[in-house]
Amino acid sequence: MIALSDIDKTYGTVKVLDRVSLTVPTGSTLSLIGPSGCGKSTLLRIIMGLIDADGGSIHINAQALNQDNLLALRRRMGYVIQSGGLFPHLSAHDNLTLVTRYLGWDSERQEARIDMLCALTGIERSLLARRPDGLSGGQAQRISLMRALMLDPPTLLMDEPLGAIDPLVRHELQNDLREIFRKLGKTVLLVTHDLGEAAFLGDRISLMQDGRIIQDGTARELMDHPATPFVEQFVTAQRSPLQDL
């Protein structure tokens with residue numbers, strides 16, 4: 001479970017996060033949506049302990065995140081950043097094993113885990129010898145997901161994981177991600193700006209505006225009962241032009 005209470009963050013005079021509270025129940029997926037600059041990615045970085053909040057509390061599986069347990073809890077969270085974030089000078093295989101080698105996993109344990117993740121994500125073993133610039137966008141994103149799952153964390157944080165991918169590949173990955181989420185039973189916080197993707201992958205949606213969560217519920221609730229004019233505007237803006245043809 002992820003539980004955030006009254007998270008604040010200010011840069012200079014700009015209030016990036018304003019008393020944000022949310023809960024992601026164990027084994028569920030929450031889609032965090034909103035326009036660019038509303039604070040979504042900042043919130044994920046705070047949960048990972050990459051930056052400090054100015055106020056509020058974070059609990060991961062009932063443990064309060066603090067400086068004493070930050071590293072241990074971070075290893076219990078998989079993190080997929082925008083555009084994958086693979087190290088360009090390392091092969092896909094070395095990207096996958098970077099942390100496990102540091103933690104002292106032996107070769108047999110590492111390769112067994114990689115075999116399982118290749119089967120889960122549909123990646124051919126032969127691709128792991130390539131560096132990121134030799135992979136397609138979809139392949140790189142699958143390997144980024146494998147890296148996030150390498151330590152078998154109970155919690156996944158995903159920041160626009162499909163944002164820069166060709167629409168056809170994106171559709172395929174959306175289907176695969178939903179199946180993976182259901183199969184593994186992870187607790188997932190997914191950041192996206194796409195309402196359709198948020199509804200397809202998430203059990204629930206939280207919509208942000210200017211550092212605050214302004215509505216939480218299902219996609220249907222946001223569409224049928226918008227809490228503010230902005231919610232209605234955001235939902236309307238997500239309509240496909242094909243609907244008007």
# chains A, B, ... in the order shown; residues from 1 in each chain; ligands from 1
call {"tool": "residues_around", "arguments": {"residues": "Arg220 in chain A", "least_positions_apart": "6", "cutoff": "12 Å", "atoms": "only C-alpha atoms", "output": "list of chain:residue names"}}
result
A:Leu195, A:Gly196, A:Ala198, A:Ala199, A:Phe200, A:Asp203, A:Arg204, A:Ile205, A:Pro226, A:Glu232, A:Val235
call {"tool": "write_last_selection", "arguments": {"atoms": "C-alpha atoms", "output": "PDB file, in the first residue's frame"}}
result
ATOM      1  CA  LEU A 195      -7.392   9.732 -19.695  1.00  0.00           C
ATOM      2  CA  GLY A 196      -8.038   6.681 -21.872  1.00  0.00           C
ATOM      3  CA  ALA A 198      -5.476   5.984 -17.169  1.00  0.00           C
ATOM      4  CA  ALA A 199      -8.912   4.343 -17.330  1.00  0.00           C
ATOM      5  CA  PHE A 200      -7.639   1.248 -19.156  1.00  0.00           C
ATOM      6  CA  ASP A 203      -8.585   0.739 -10.968  1.00  0.00           C
ATOM      7  CA  ARG A 204      -9.035   4.382  -9.966  1.00  0.00           C
ATOM      8  CA  ILE A 205      -7.995   7.805 -11.249  1.00  0.00           C
ATOM      9  CA  PRO A 226     -16.977  16.407 -12.840  1.00  0.00           C
ATOM     10  CA  GLU A 232     -15.038  18.834 -17.326  1.00  0.00           C
ATOM     11  CA  VAL A 235     -12.202  15.291 -19.921  1.00  0.00           C
TER      12      VAL A 235
END
call {"tool": "residues_around", "arguments": {"residues": "Ile114 in chain A", "least_positions_apart": "5", "cutoff": "10 Å", "atoms": "only C-alpha atoms", "output": "VMD selection string"}}
result
chain A and resid 93 96 to 97 108 to 109 119 to 120 123 125 128 146 to 147 149 to 150
call {"tool": "write_last_selection", "arguments": {"atoms": "C-alpha atoms", "output": "short mmCIF file (atom, residue, chain, number, x, y, z; two decimals), in the first residue's frame"}}
result
data_model
loop_
_atom_site.label_atom_id
_atom_site.label_comp_id
_atom_site.auth_asym_id
_atom_site.auth_seq_id
_atom_site.Cartn_x
_atom_site.Cartn_y
_atom_site.Cartn_z
CA HIS A 93 21.59 -7.18 -19.91
CA LEU A 96 19.08 -5.31 -15.83
CA THR A 97 21.83 -6.65 -13.56
CA GLU A 108 22.55 -18.32 -11.74
CA ARG A 109 20.06 -16.33 -9.69
CA ALA A 119 8.82 -14.57 -20.67
CA LEU A 120 6.61 -12.10 -18.79
CA ILE A 123 11.43 -9.95 -24.84
CA ARG A 125 16.95 -13.12 -24.93
CA LEU A 128 19.74 -8.23 -24.21
CA MET A 146 12.07 -5.66 -16.55
CA ARG A 147 14.69 -3.60 -14.73
CA LEU A 149 10.82 -5.70 -11.66
CA MET A 150 14.27 -7.27 -11.27
#
call {"tool": "residues_around", "arguments": {"residues": "Ile58 in chain A", "least_positions_apart": "2", "cutoff": "6 Å", "atoms": "only C-alpha atoms", "output": "PyMOL selection string"}}
result
chain A and resi 3-4+64-65
call {"tool": "closest_residue", "arguments": {"among": "A:Met1, A:Val16, A:Leu71, A:Leu103", "to": "Ala53 in chain A", "atoms": "only C-alpha atoms"}}
result
A:Val16
call {"tool": "atom_distance", "arguments": {"atom1": "CA of Leu73 in chain A", "atom2": "CA of Arg45 in chain A"}}
result
13.4 Å
call {"tool": "closest_residue", "arguments": {"among": "A:Leu86, A:Met223, A:Ile7, A:Val99", "to": "Gly55 in chain A", "atoms": "only C-alpha atoms"}}
result
A:Ile7
call {"tool": "select_by_dssp", "arguments": {"residues": "range 147-228 of chain A", "states": "alpha helix (DSSP H)", "output": "tab-separated table (two decimals) with C-alpha atoms, in the first residue's frame"}}
result
chain	number	residue	atom	x	y	z
A	147	ARG	CA	14.69	-3.60	-14.73
A	148	ALA	CA	12.04	-2.15	-12.42
A	149	LEU	CA	10.82	-5.70	-11.66
A	167	PRO	CA	0.63	4.57	-31.19
A	168	LEU	CA	0.47	0.98	-32.48
A	169	VAL	CA	3.25	-0.17	-30.14
A	170	ARG	CA	1.69	1.83	-27.33
A	171	HIS	CA	-1.62	0.02	-27.78
A	172	GLU	CA	0.16	-3.35	-27.59
A	173	LEU	CA	2.11	-2.31	-24.49
A	174	GLN	CA	-1.03	-1.05	-22.77
A	175	ASN	CA	-2.60	-4.48	-23.16
A	176	ASP	CA	0.56	-6.17	-21.94
A	177	LEU	CA	0.92	-3.85	-18.95
A	178	ARG	CA	-2.65	-4.45	-17.80
A	179	GLU	CA	-2.10	-8.20	-18.02
A	180	ILE	CA	1.19	-7.92	-16.11
A	181	PHE	CA	-0.41	-5.80	-13.38
A	182	ARG	CA	-3.19	-8.35	-12.94
A	183	LYS	CA	-0.85	-11.33	-13.04
A	184	LEU	CA	1.71	-9.98	-10.56
A	195	LEU	CA	-7.39	9.73	-19.69
A	196	GLY	CA	-8.04	6.68	-21.87
A	197	GLU	CA	-4.78	5.07	-20.79
A	198	ALA	CA	-5.48	5.98	-17.17
A	199	ALA	CA	-8.91	4.34	-17.33
A	200	PHE	CA	-7.64	1.25	-19.16
A	201	LEU	CA	-4.76	0.56	-16.76
A	219	ALA	CA	-13.20	7.43	-15.36
A	220	ARG	CA	-17.00	7.25	-15.59
A	221	GLU	CA	-17.36	9.34	-12.42
A	222	LEU	CA	-15.00	11.98	-13.81
A	223	MET	CA	-16.93	12.07	-17.08
A	224	ASP	CA	-20.45	12.01	-15.65
call {"tool": "atom_distance", "arguments": {"atom1": "CA of Asn61 in chain A", "atom2": "CA of Thr121 in chain A"}}
result
25.9 Å
call {"tool": "atom_distance", "arguments": {"atom1": "CA of Leu189 in chain A", "atom2": "CA of Leu30 in chain A"}}
result
5.1 Å
call {"tool": "residues_around", "arguments": {"residues": "Ser144 in chain A", "least_positions_apart": "6", "cutoff": "10 Å", "atoms": "only C-alpha atoms", "output": "JSON, numbers by chain"}}
result
{"A": [78, 79, 80, 81, 82, 83, 84, 85, 86, 92, 95, 96, 138, 150, 161]}
call {"tool": "residues_around", "arguments": {"residues": "range 129-135 of chain A", "least_positions_apart": "6", "cutoff": "6 Å", "atoms": "only C-alpha atoms", "output": "number ranges by chain"}}
result
A: 88, 90-92
call {"tool": "write_last_selection", "arguments": {"atoms": "C-alpha atoms", "output": "PDB file, in the first residue's frame"}}
result
ATOM      1  CA  PRO A  88      23.128   4.235 -22.895  1.00  0.00           C
ATOM      2  CA  LEU A  90      25.473  -0.440 -20.978  1.00  0.00           C
ATOM      3  CA  SER A  91      23.905  -3.379 -22.760  1.00  0.00           C
ATOM      4  CA  ALA A  92      20.301  -4.207 -21.927  1.00  0.00           C
TER       5      ALA A  92
END
call {"tool": "closest_residue", "arguments": {"among": "A:Arg239, A:Lys40, A:Lys9, A:His225", "to": "Leu207 in chain A", "atoms": "only C-alpha atoms"}}
result
A:Lys40
call {"tool": "closest_residue", "arguments": {"among": "A:Thr42, A:Ser107, A:Ser57, A:Asn69", "to": "Arg19 in chain A", "atoms": "only C-alpha atoms"}}
result
A:Ser57
